[in-house]
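**Student:** Structure file query_13.tsv, TSV, C-alpha atoms, is pasted below:
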```tsv
chain	number	residue	atom	x	y	z
A	320	MET	CA	46.88	61.63	-36.35
A	321	ASN	CA	44.64	64.62	-36.92
A	322	LYS	CA	43.25	66.97	-34.27
A	323	LYS	CA	40.01	65.04	-33.87
A	324	GLN	CA	41.85	61.77	-33.30
A	325	ALA	CA	44.25	63.48	-30.90
A	326	LYS	CA	41.37	64.89	-28.85
A	327	GLN	CA	39.76	61.45	-28.64
A	328	LEU	CA	43.00	59.94	-27.38
A	329	PHE	CA	43.53	62.72	-24.82
A	330	ASP	CA	40.01	62.06	-23.52
A	331	LYS	CA	40.82	58.34	-23.21
A	332	TYR	CA	44.11	59.16	-21.52
A	333	LEU	CA	42.33	61.20	-18.84
A	334	LYS	CA	40.16	58.16	-18.13
A	335	ASN	CA	43.17	55.79	-18.01
A	336	GLU	CA	41.75	53.88	-20.98
A	337	CYS	CA	44.68	54.27	-23.43
A	338	SER	CA	46.62	51.28	-24.66
A	339	VAL	CA	50.43	51.34	-24.63
A	340	GLN	CA	50.41	52.00	-28.39
A	341	GLU	CA	47.96	54.88	-28.01
A	342	ILE	CA	50.07	56.44	-25.23
A	343	GLU	CA	53.13	56.25	-27.49
A	344	MET	CA	51.17	58.05	-30.23
A	345	LEU	CA	50.18	60.79	-27.78
A	346	ASP	CA	53.78	60.99	-26.64
A	347	LYS	CA	54.95	61.69	-30.19
A	348	TYR	CA	52.09	64.12	-30.76
A	349	LEU	CA	53.11	66.14	-27.70
A	350	GLN	CA	56.78	65.96	-28.66
A	351	SER	CA	56.07	67.74	-31.93
A	352	TYR	CA	54.40	70.80	-30.41
A	353	GLN	CA	56.67	73.56	-29.17
A	354	ASP	CA	53.76	75.93	-28.48
A	355	LYS	CA	51.55	74.03	-26.01
A	356	GLU	CA	49.04	76.88	-25.68
A	357	ARG	CA	48.44	76.67	-29.39
A	358	LEU	CA	47.96	72.90	-29.07
A	359	TRP	CA	45.26	73.25	-26.41
A	360	SER	CA	43.63	76.02	-28.41
A	361	GLU	CA	43.45	73.86	-31.50
A	362	LEU	CA	42.02	70.97	-29.47
A	363	ARG	CA	39.51	73.41	-27.91
A	364	TYR	CA	40.15	72.38	-24.31
A	365	ASP	CA	39.04	74.68	-21.53
A	366	GLU	CA	41.30	75.63	-18.62
A	367	GLU	CA	39.96	72.89	-16.32
A	368	ILE	CA	40.65	70.09	-18.81
A	369	LYS	CA	44.06	71.55	-19.63
A	370	ASP	CA	44.97	71.55	-15.94
A	371	GLN	CA	43.80	67.96	-15.55
A	372	LEU	CA	45.88	66.83	-18.52
A	373	TRP	CA	49.03	68.57	-17.36
A	374	MET	CA	48.62	67.27	-13.81
A	375	LYS	CA	48.24	63.73	-15.09
A	376	ILE	CA	51.21	64.05	-17.44
A	377	LYS	CA	53.32	65.51	-14.63
A	378	SER	CA	52.24	62.71	-12.32
A	379	ASP	CA	53.23	60.09	-14.89
A	380	ILE	CA	56.61	61.76	-15.41
A	381	ASP	CA	57.30	62.01	-11.67
A	382	SER	CA	56.28	58.41	-11.03
A	383	LYS	CA	58.10	56.89	-14.01
A	384	GLY	CA	61.39	58.84	-13.80
A	385	GLU	CA	63.76	58.13	-16.67
A	386	GLU	CA	61.40	55.54	-18.12
A	387	ASN	CA	58.26	57.66	-18.02
A	388	ARG	CA	55.59	57.25	-20.63
A	389	PHE	CA	56.17	60.78	-21.88
A	390	SER	CA	59.92	60.66	-22.46
A	391	ILE	CA	61.53	64.01	-21.61
A	392	LYS	CA	64.64	63.18	-23.65
A	393	GLN	CA	62.53	62.41	-26.70
A	394	TYR	CA	60.31	65.42	-26.04
A	395	LEU	CA	63.24	67.81	-26.12
A	396	LYS	CA	64.51	66.44	-29.43
A	397	TYR	CA	61.20	66.65	-31.23
A	398	ALA	CA	60.16	69.96	-29.70
A	399	ALA	CA	63.44	71.45	-30.82
A	400	VAL	CA	62.90	70.23	-34.36
A	401	PHE	CA	59.39	71.65	-34.65
A	402	ILE	CA	59.28	75.44	-35.07
A	403	GLY	CA	55.78	76.01	-36.42
A	404	LEU	CA	53.47	74.61	-39.03
A	405	VAL	CA	50.74	77.12	-39.87
A	406	GLY	CA	47.30	75.60	-40.10
A	407	SER	CA	46.18	72.15	-39.07
A	408	PHE	CA	48.75	69.66	-37.78
A	409	LEU	CA	48.94	66.44	-39.77
A	410	TRP	CA	50.21	63.20	-38.35
A	411	TYR	CA	51.01	59.91	-39.98
A	412	GLN	CA	49.70	57.09	-37.80
A	413	SER	CA	52.43	54.62	-36.94
A	414	TYR	CA	50.17	51.60	-37.18
A	415	THR	CA	49.29	52.43	-40.81
A	416	LYS	CA	52.74	53.52	-41.91
A	417	GLU	CA	54.18	51.75	-44.91
A	418	GLU	CA	57.42	49.97	-44.14
A	419	ILE	CA	60.38	51.89	-45.58
A	420	PRO	CA	63.65	50.08	-46.15
A	421	SER	CA	66.42	51.24	-43.82
A	422	THR	CA	69.28	52.68	-45.83
A	423	ASN	CA	72.02	55.20	-45.41
A	424	ALA	CA	71.92	55.96	-49.13
A	425	VAL	CA	75.45	57.29	-49.20
A	426	SER	CA	76.99	58.12	-52.56
A	427	ASP	CA	79.89	55.94	-53.68
A	428	ALA	CA	81.36	58.68	-55.89
A	429	GLU	CA	85.09	59.22	-55.48
A	430	VAL	CA	87.02	62.39	-54.77
A	431	ILE	CA	88.71	63.66	-57.95
A	432	LEU	CA	92.11	65.32	-58.27
A	433	LYS	CA	92.87	67.34	-61.40
A	434	THR	CA	96.54	68.16	-61.88
A	435	SER	CA	98.24	70.95	-63.79
A	436	ASN	CA	98.94	68.69	-66.79
A	437	ASN	CA	95.21	67.94	-67.12
A	438	ALA	CA	95.52	64.47	-65.61
A	439	VAL	CA	92.41	63.34	-63.73
A	440	LYS	CA	92.58	60.68	-61.04
A	441	ASN	CA	90.17	59.23	-58.51
A	442	ILE	CA	91.25	59.46	-54.87
A	443	SER	CA	90.14	56.45	-52.86
A	444	SER	CA	89.65	57.23	-49.19
A	445	ASP	CA	91.46	54.06	-48.08
A	446	ALA	CA	94.58	54.58	-50.22
A	447	GLU	CA	98.07	55.91	-49.44
A	448	GLN	CA	100.27	57.19	-52.23
A	449	ASP	CA	102.81	59.82	-53.27
A	450	LEU	CA	101.81	62.85	-55.32
A	451	PHE	CA	103.99	63.81	-58.28
A	452	ASP	CA	104.41	66.88	-60.44
A	453	LYS	CA	104.52	66.74	-64.23
A	454	GLU	CA	108.27	66.04	-64.08
A	455	GLY	CA	107.84	63.07	-61.77
A	456	LYS	CA	109.08	64.78	-58.63
A	457	VAL	CA	107.31	63.99	-55.35
A	458	ILE	CA	105.40	67.08	-54.17
A	459	GLY	CA	103.27	65.50	-51.47
A	460	LYS	CA	101.35	62.42	-50.43
A	461	GLN	CA	97.89	61.08	-49.81
A	462	LYS	CA	96.95	59.49	-46.49
A	463	GLY	CA	93.36	58.30	-46.61
A	464	ASN	CA	91.08	61.35	-46.60
A	465	GLN	CA	93.90	63.86	-46.66
A	466	LEU	CA	96.35	65.30	-49.18
A	467	ILE	CA	99.55	66.74	-47.72
A	468	TYR	CA	101.77	68.95	-49.90
A	469	ASN	CA	105.45	69.57	-49.29
A	470	ASP	CA	106.95	73.04	-48.98
A	471	ASN	CA	109.28	73.18	-51.98
A	472	GLU	CA	111.10	76.52	-51.99
A	473	GLN	CA	112.87	75.63	-55.22
A	474	LEU	CA	109.57	75.70	-57.09
A	475	GLN	CA	109.08	79.36	-58.08
A	476	GLU	CA	106.27	78.84	-60.58
A	477	LEU	CA	102.57	78.82	-59.71
A	478	VAL	CA	101.20	75.38	-60.59
A	479	PHE	CA	97.56	74.71	-59.69
A	480	ASN	CA	95.80	71.49	-58.76
A	481	GLU	CA	92.07	71.14	-58.27
A	482	LEU	CA	90.31	68.86	-55.81
A	483	ILE	CA	86.65	68.00	-56.32
A	484	VAL	CA	84.74	66.54	-53.37
A	485	PRO	CA	81.39	65.02	-54.41
A	486	ASP	CA	78.15	64.68	-52.46
A	487	GLY	CA	78.41	62.34	-49.52
A	488	LYS	CA	82.18	62.88	-49.04
A	489	LYS	CA	84.50	65.15	-47.04
A	490	PHE	CA	88.22	65.67	-47.45
A	491	GLU	CA	91.22	67.54	-46.07
A	492	ILE	CA	94.18	69.23	-47.74
A	493	THR	CA	97.33	70.49	-46.06
A	494	LEU	CA	98.75	73.13	-48.40
A	495	SER	CA	102.46	73.72	-48.86
A	496	ASP	CA	102.52	76.55	-46.27
A	497	GLY	CA	100.94	74.32	-43.61
A	498	THR	CA	97.40	75.68	-44.02
A	499	LEU	CA	94.83	72.95	-43.31
A	500	VAL	CA	91.62	72.99	-45.35
A	501	HIS	CA	88.59	70.89	-44.36
A	502	MET	CA	86.37	70.49	-47.43
A	503	ASN	CA	82.66	69.78	-47.20
A	504	SER	CA	80.58	67.77	-49.67
A	505	ARG	CA	79.93	69.15	-53.15
A	506	SER	CA	82.97	71.45	-53.01
A	507	THR	CA	85.89	72.28	-55.29
A	508	LEU	CA	89.19	73.89	-54.31
A	509	LYS	CA	91.76	75.15	-56.80
A	510	TYR	CA	95.12	75.74	-55.13
A	511	PRO	CA	98.85	76.03	-55.90
A	512	VAL	CA	100.88	72.91	-55.21
A	513	ASN	CA	103.45	75.35	-53.78
A	514	PHE	CA	103.12	78.99	-52.76
A	515	ILE	CA	105.71	81.40	-54.08
A	516	THR	CA	107.86	83.14	-51.48
A	517	GLY	CA	106.85	86.78	-51.02
A	518	GLU	CA	103.65	86.51	-53.10
A	519	GLU	CA	100.10	86.40	-51.79
A	520	ARG	CA	98.65	82.99	-51.07
A	521	GLN	CA	95.44	82.59	-53.05
A	522	VAL	CA	93.01	79.67	-53.47
A	523	PHE	CA	89.66	79.44	-55.27
A	524	LEU	CA	86.62	77.82	-53.70
A	525	GLN	CA	83.24	76.59	-54.84
A	526	GLY	CA	81.14	75.05	-52.09
A	527	GLU	CA	82.17	75.06	-48.43
A	528	ALA	CA	85.46	74.70	-46.55
A	529	TYR	CA	86.96	75.47	-43.17
A	530	PHE	CA	90.43	77.00	-43.23
A	531	GLU	CA	93.11	76.83	-40.54
A	532	VAL	CA	95.51	79.29	-42.14
A	533	ALA	CA	99.20	79.10	-41.30
A	534	LYS	CA	100.34	82.48	-39.98
A	535	ASP	CA	102.58	84.59	-42.17
A	536	SER	CA	102.71	88.24	-41.16
A	537	LEU	CA	104.20	89.23	-44.51
A	538	THR	CA	101.97	87.32	-46.90
A	539	ARG	CA	98.19	87.55	-46.93
A	540	PHE	CA	95.99	84.53	-47.61
A	541	LEU	CA	93.01	84.95	-49.98
A	542	VAL	CA	90.01	82.70	-50.45
A	543	THR	CA	88.23	83.71	-53.62
A	544	THR	CA	84.70	82.67	-54.59
A	545	ASP	CA	82.41	83.90	-57.34
A	546	GLU	CA	80.84	86.55	-55.10
A	547	ILE	CA	83.01	87.15	-52.06
A	548	GLU	CA	86.71	87.15	-51.20
A	549	ILE	CA	88.17	86.63	-47.74
A	550	GLU	CA	91.53	88.10	-46.78
A	551	VAL	CA	93.60	87.03	-43.76
A	552	LEU	CA	97.16	86.74	-42.51
A	553	GLY	CA	96.58	83.69	-40.34
A	554	THR	CA	93.37	82.55	-38.65
A	555	HIS	CA	90.55	79.97	-38.57
A	556	PHE	CA	87.40	80.59	-40.58
A	557	SER	CA	84.78	78.93	-42.76
A	558	VAL	CA	83.55	79.96	-46.20
A	559	SER	CA	80.36	78.78	-47.89
A	560	SER	CA	79.58	79.52	-51.52
A	561	TYR	CA	77.07	77.01	-52.85
A	562	ASP	CA	74.97	77.64	-55.94
A	563	GLY	CA	71.51	78.89	-55.01
A	564	ALA	CA	72.47	79.83	-51.42
A	565	LYS	CA	73.68	83.06	-49.86
A	566	PRO	CA	77.49	83.01	-49.59
A	567	TYR	CA	79.01	83.70	-46.20
A	568	ALA	CA	82.24	83.80	-44.19
A	569	LEU	CA	82.27	82.66	-40.57
A	570	LEU	CA	85.12	83.47	-38.21
A	571	ALA	CA	86.31	81.13	-35.44
A	572	GLU	CA	89.41	83.04	-34.32
A	573	GLY	CA	91.49	86.03	-35.39
A	574	SER	CA	89.97	88.52	-37.83
A	575	VAL	CA	89.20	88.55	-41.54
A	576	ALA	CA	88.23	91.07	-44.18
A	577	VAL	CA	85.35	90.12	-46.47
A	578	HIS	CA	85.20	91.75	-49.90
A	579	HIS	CA	82.23	91.90	-52.24
A	580	GLN	CA	83.67	90.68	-55.54
A	581	LYS	CA	81.25	92.64	-57.73
A	582	ASN	CA	81.67	95.98	-55.97
A	583	ASP	CA	85.34	96.86	-55.57
A	584	LEU	CA	84.51	100.42	-54.45
A	585	ARG	CA	83.06	99.30	-51.14
A	586	LYS	CA	85.29	98.99	-48.11
A	587	PRO	CA	85.88	95.42	-46.92
A	588	THR	CA	83.76	94.17	-44.03
A	589	ILE	CA	85.81	93.19	-40.98
A	590	ILE	CA	84.38	90.43	-38.80
A	591	LEU	CA	85.41	89.18	-35.37
A	592	PRO	CA	85.30	85.68	-33.80
A	593	GLY	CA	81.76	84.35	-33.55
A	594	GLU	CA	80.50	86.58	-36.36
A	595	ILE	CA	79.19	85.68	-39.79
A	596	ALA	CA	79.28	87.94	-42.86
A	597	THR	CA	76.54	87.07	-45.35
A	598	LEU	CA	76.09	88.47	-48.84
A	599	ASP	CA	72.44	89.19	-49.52
A	600	GLN	CA	71.25	91.28	-52.48
A	601	ASN	CA	74.66	92.85	-53.06
A	602	ALA	CA	75.06	93.90	-49.42
A	603	ILE	CA	77.11	92.21	-46.70
A	604	SER	CA	75.46	91.89	-43.29
A	605	VAL	CA	77.19	90.81	-40.08
A	606	ASP	CA	75.57	88.79	-37.29
A	607	LYS	CA	76.68	87.11	-34.09
A	608	VAL	CA	76.10	83.34	-34.20
A	609	ASN	CA	76.95	80.10	-32.47
A	610	ILE	CA	79.81	78.95	-34.68
A	611	HIS	CA	79.41	75.31	-33.64
A	612	ASP	CA	76.08	75.20	-35.47
A	613	TYR	CA	77.91	76.04	-38.68
A	614	LEU	CA	80.96	73.83	-38.20
A	615	SER	CA	79.39	70.56	-37.04
A	616	TRP	CA	79.72	69.12	-40.56
A	617	ARG	CA	83.44	68.60	-39.90
A	618	GLU	CA	82.51	65.91	-37.36
A	619	GLY	CA	79.93	64.40	-39.68
A	620	ARG	CA	76.98	65.96	-37.85
A	621	LEU	CA	74.07	67.79	-39.45
A	622	THR	CA	72.84	70.88	-37.59
A	623	PHE	CA	69.84	73.00	-38.54
A	624	THR	CA	69.24	76.28	-36.74
A	625	ASN	CA	65.96	77.90	-37.68
A	626	GLU	CA	66.49	76.79	-41.29
A	627	SER	CA	63.85	76.49	-43.99
A	628	PHE	CA	63.01	72.99	-45.13
A	629	VAL	CA	64.15	73.77	-48.67
A	630	ASN	CA	67.64	74.55	-47.35
A	631	ILE	CA	67.59	71.45	-45.16
A	632	VAL	CA	66.82	69.32	-48.23
A	633	SER	CA	69.91	70.71	-49.97
A	634	LYS	CA	72.09	69.91	-46.96
A	635	ILE	CA	70.77	66.36	-46.74
A	636	GLU	CA	71.41	65.86	-50.46
A	637	ARG	CA	75.02	66.98	-50.11
A	638	HIS	CA	75.65	65.11	-46.87
A	639	PHE	CA	74.38	61.74	-48.07
A	640	GLY	CA	74.89	62.06	-51.82
A	641	VAL	CA	71.21	61.57	-52.66
A	642	SER	CA	68.63	63.29	-54.82
A	643	ILE	CA	65.46	64.52	-53.08
A	644	GLU	CA	62.25	65.33	-54.93
A	645	ASN	CA	60.01	67.33	-52.59
A	646	ASN	CA	56.42	67.36	-53.82
A	647	TYR	CA	55.16	68.82	-50.54
A	648	THR	CA	56.04	72.43	-51.35
A	649	ASP	CA	53.86	73.82	-48.53
A	650	ILE	CA	56.67	73.09	-46.05
A	651	ASN	CA	59.51	74.57	-48.11
A	652	GLU	CA	59.66	77.78	-46.06
A	653	VAL	CA	58.74	76.21	-42.72
A	654	LYS	CA	61.72	76.54	-40.37
A	655	PHE	CA	63.14	73.80	-38.20
A	656	ARG	CA	65.85	73.28	-35.60
A	657	GLY	CA	67.67	70.05	-34.84
A	658	GLU	CA	70.99	68.23	-34.71
A	659	PHE	CA	71.81	64.74	-35.93
A	660	LYS	CA	74.90	62.71	-35.12
A	661	GLN	CA	77.17	60.98	-37.60
A	662	GLU	CA	75.78	57.53	-36.81
A	663	GLU	CA	72.19	58.58	-37.54
A	664	THR	CA	71.05	57.37	-40.95
A	665	ILE	CA	69.09	59.28	-43.55
A	666	THR	CA	65.96	57.40	-42.52
A	667	ASP	CA	66.48	58.51	-38.90
A	668	ILE	CA	66.62	62.11	-40.07
A	669	LEU	CA	63.66	61.86	-42.45
A	670	ASN	CA	61.55	60.10	-39.81
A	671	THR	CA	62.19	62.93	-37.34
A	672	PHE	CA	61.09	65.59	-39.82
A	673	GLN	CA	58.20	63.40	-40.94
A	674	GLU	CA	56.86	63.25	-37.39
A	675	SER	CA	57.03	67.04	-37.11
A	676	ALA	CA	55.94	68.15	-40.57
A	677	GLY	CA	53.59	65.33	-41.52
A	678	PHE	CA	54.68	63.95	-44.89
A	679	GLU	CA	55.22	60.61	-46.57
A	680	TYR	CA	58.44	59.55	-48.26
A	681	LYS	CA	59.99	56.62	-50.04
A	682	ILE	CA	63.55	55.78	-51.04
A	683	VAL	CA	64.41	54.20	-54.37
A	684	ASP	CA	68.15	53.66	-54.80
A	685	ASN	CA	69.68	57.11	-54.16
A	686	LYS	CA	66.50	59.07	-54.82
A	687	ILE	CA	64.00	60.16	-52.18
A	688	MET	CA	60.46	61.28	-52.95
A	689	ILE	CA	58.60	63.41	-50.38
A	690	ASP	CA	54.82	63.75	-50.74
A	691	PRO	CA	51.98	65.29	-48.74
A	692	MET	CA	50.36	62.85	-46.37
A	693	GLU	CA	47.24	61.18	-47.63
A	694	ASP	CA	44.15	61.34	-45.45
A	695	LYS	CA	43.46	57.97	-43.91
```
Please lay out the structure from this file as structure tokens.
**Tutor:**
Amino acid sequence: MNKKQAKQLFDKYLKNECSVQEIEMLDKYLQSYQDKERLWSELRYDEEIKDQLWMKIKSDIDSKGEENRFSIKQYLKYAAVFIGLVGSFLWYQSYTKEEIPSTNAVSDAEVILKTSNNAVKNISSDAEQDLFDKEGKVIGKQKGNQLIYNDNEQLQELVFNELIVPDGKKFEITLSDGTLVHMNSRSTLKYPVNFITGEERQVFLQGEAYFEVAKDSLTRFLVTTDEIEIEVLGTHFSVSSYDGAKPYALLAEGSVAVHHQKNDLRKPTIILPGEIATLDQNAISVDKVNIHDYLSWREGRLTFTNESFVNIVSKIERHFGVSIENNYTDINEVKFRGEFKQEETITDILNTFQESAGFEYKIVDNKIMIDPMEDK
């Protein structure tokens, strides 16, 4: 629905001439505007008409309660998602929308475990099995979506395994010292099957993981990525190091030191709970954030906090294991806010952004094509 059509419907609404379908369209149109003054300005309504509209909307809300025609619950969700499209607002009319098959489009790729003797095995999320070293000794076990390693003090040789978590999957590892690692989609962790007594505990990460590090006042724990390294003795923190995105460390409790890998002369950056250290153009900046926005992926939720659409596309690809081709590049840098629960499908998420940003999309197998909306 374009501005002209919206103005026509608002005029009909003032005269009580709107059909139920037309009222629903106005409802969605209002839901997508966070800046109402800008909306009235674009529709070129004077103060008197604006007051009449708001009084009528308020009257409908008061009289309808929870089941009002302009749903407050829905309004909050869509207003939160929409941050600001510059220029004219485009809307895809629901009665002309092409039917899109409902699909969750989740990747069926398996988690892969690479062992020290170069063996490669798929890890099925519904399996339970023992883990063996190259000599056939049990060093741990798998229980569904978790690997649990034993603490074997007799093993005094560093032997590394590597776990690869593909798009659309998440996994957990309990290391031999009791450290619990929650791994996000498209992530790889290289780790010793047993830490050596008295030596630093070091793991290597590509992607994103949340660490609950077992405390050891004598032995530091290091998470090493291509660009940053995080040093702790025992604490809870998250590290993100995806290709094409700014790497960061986020602290939930305790304290950590963040090192810039490519500049050893700089002092490490110390962050406190609720802070995030981000590497940007060879400098580490520290900001206070709501850590829950960054950790919701552990519960299967997707949270976007003032994020550009291009970054959101990457998160959706990883979360669902799909490929997205965005041909509507005008919205790449437009920023959005929203949160989606685990049970919400990829079509639920795309429909929400579609109603705010005004685009068309179609799903073919595990590929999604996003295109600018055609004028109707």
**Student:** Find, counting all atoms listed in the file, the residue in A:Gln661, A:Asn469, A:Thr624, A:Asn464 that gets nearest to Glu491 in chain A.
**Tutor:**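 Closest to Glu491 in chain A of all the choices is A:Asn464.
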**Student:** Can you measure CA of Val339 in chain A to CA of Lys681 in chain A for me? One decimal in Å is fine.
**Tutor:**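 Distance reported for this atom pair: 27.7 Å.
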**Student:** Distance CA of Phe490 in chain A-CA of Asp606 in chain A, one decimal place?
**Tutor:**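 These atoms are spaced 28.2 Å apart.
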**Student:** For a quick check of understanding, using only C-alpha atoms, which of A:Val522, A:Val683, A:Leu614, A:Leu328 has the smallest distance to Ile643 in chain A?
**Tutor:**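 When distances to Ile643 in chain A are compared using only C-alpha atoms, the smallest one comes from A:Val683.
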**Student:** Could you check the closest approach to Asn651 in chain A for each of A:Phe672, A:Phe628, A:Phe639, A:Phe678 and tell me which residue wins, using all atoms listed in the file?
**Tutor:**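 Selected residue with least distance to Asn651 in chain A: A:Phe628.
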**Student:** In the coordinates of the file, take the point (73.2, 66.6, -51.6) and a cut-off of 9 Å; then, counting all atoms listed in the file, name each qualifying protein, DNA or RNA residue as a ChimeraX atom specification.
**Tutor:** /A:485-487,504-505,632-643
**Student:** With only C-alpha atoms as the basis for distance, which of A:Met344, A:Leu598, A:Lys489, A:Glu476 is at the shortest distance from Ile515 in chain A?
**Tutor:**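 Looking only at the distances to Ile515 in chain A, the closest residue turns out to be A:Glu476.
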**Student:** Select all residues near (106.5, 65.2, -56.7) (cut-off 12 Å, inclusive, file coordinates), counting all atoms listed in the file, and output them as a list in words.
**Tutor:**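 Those residues lying close to the given coordinates are Thr434, Gln448, Asp449, Leu450, Phe451, Asp452, Lys453, Glu454, Gly455, Lys456, Val457, Ile458, Gly459, Lys460, Gln461, Ile467, Tyr468, Asn469, Asp470, Asn471, Leu474, Val512 and Asn513 of chain A.
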**Student:** Between CA of Val542 in chain A and CA of Asp599 in chain A, what is the spacing in Å?
**Tutor:**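 Separating CA of Asp599 in chain A from CA of Val542 in chain A is a distance of 18.8 Å.
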**Student:** Just the residues within 8 Å of Ile589 in chain A, please, counting all atoms listed in the file, with nothing from its chain fewer than 3 positions along; format it as a PDB file with C-alpha atoms, keeping the file's coordinate frame.
**Tutor:**
```
ATOM      1  CA  SER A 574      89.970  88.520 -37.830  1.00  0.00           C
ATOM      2  CA  VAL A 575      89.200  88.550 -41.540  1.00  0.00           C
ATOM      3  CA  ALA A 576      88.230  91.070 -44.180  1.00  0.00           C
ATOM      4  CA  VAL A 577      85.350  90.120 -46.470  1.00  0.00           C
TER       5      VAL A 577
END
```
**Student:** Using all atoms listed in the file for the distances, tell me which of A:Ala571, A:Glu548, A:Ile483, A:Ile590 is nearest to His611 in chain A.
**Tutor:**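 Under the stated criterion, the closest residue is A:Ala571.
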**Student:** From the list A:Asp612, A:Glu481, A:Asp330, A:Asp535, which residue is nearest Leu569 in chain A when using all atoms listed in the file?
**Tutor:**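 Selected residue with least distance to Leu569 in chain A: A:Asp612.
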**Student:** Give me, as a list of chain:residue names, all polymer residues having an atom no more than 10 Å from Ile549 in chain A, counting only C-alpha atoms and skipping those fewer than 3 positions away in the same chain.
**Tutor:** A:Gln521, A:Phe540, A:Leu541, A:Val542, A:Thr543, A:Thr544, A:Phe556, A:Ser557, A:Val558, A:Tyr567, A:Ala568, A:Val575, A:Ala576, A:Val577, A:His578, A:His579, A:Gln580, A:Pro587, A:Thr588, A:Ile589
**Student:** What's the 7 Å shell around Pro511 in chain A, counting only C-alpha atoms, without same-chain residues fewer than 2 positions away, as a list of chain:residue names?
**Tutor:** A:Leu477, A:Val478, A:Phe479, A:Asn480, A:Asn513, A:Phe514
**Student:** When you look at Asn625 in chain A with a cut-off of 7 Å (counting all atoms listed in the file), what residues show up, excluding the ones that are within fewer than 4 positions of it in the same chain? I need them as a PyMOL selection string.
**Tutor:** chain A and resi 654-656
**Student:** Grab the residues selected above and save them as a PDB file, in the frame of the given file with C-alpha atoms.
**Tutor:**
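Output file result36.pdb is given in full below:
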```pdb
ATOM      1  CA  LYS A 654      61.720  76.540 -40.370  1.00  0.00           C
ATOM      2  CA  PHE A 655      63.140  73.800 -38.200  1.00  0.00           C
ATOM      3  CA  ARG A 656      65.850  73.280 -35.600  1.00  0.00           C
TER       4      ARG A 656
END
```
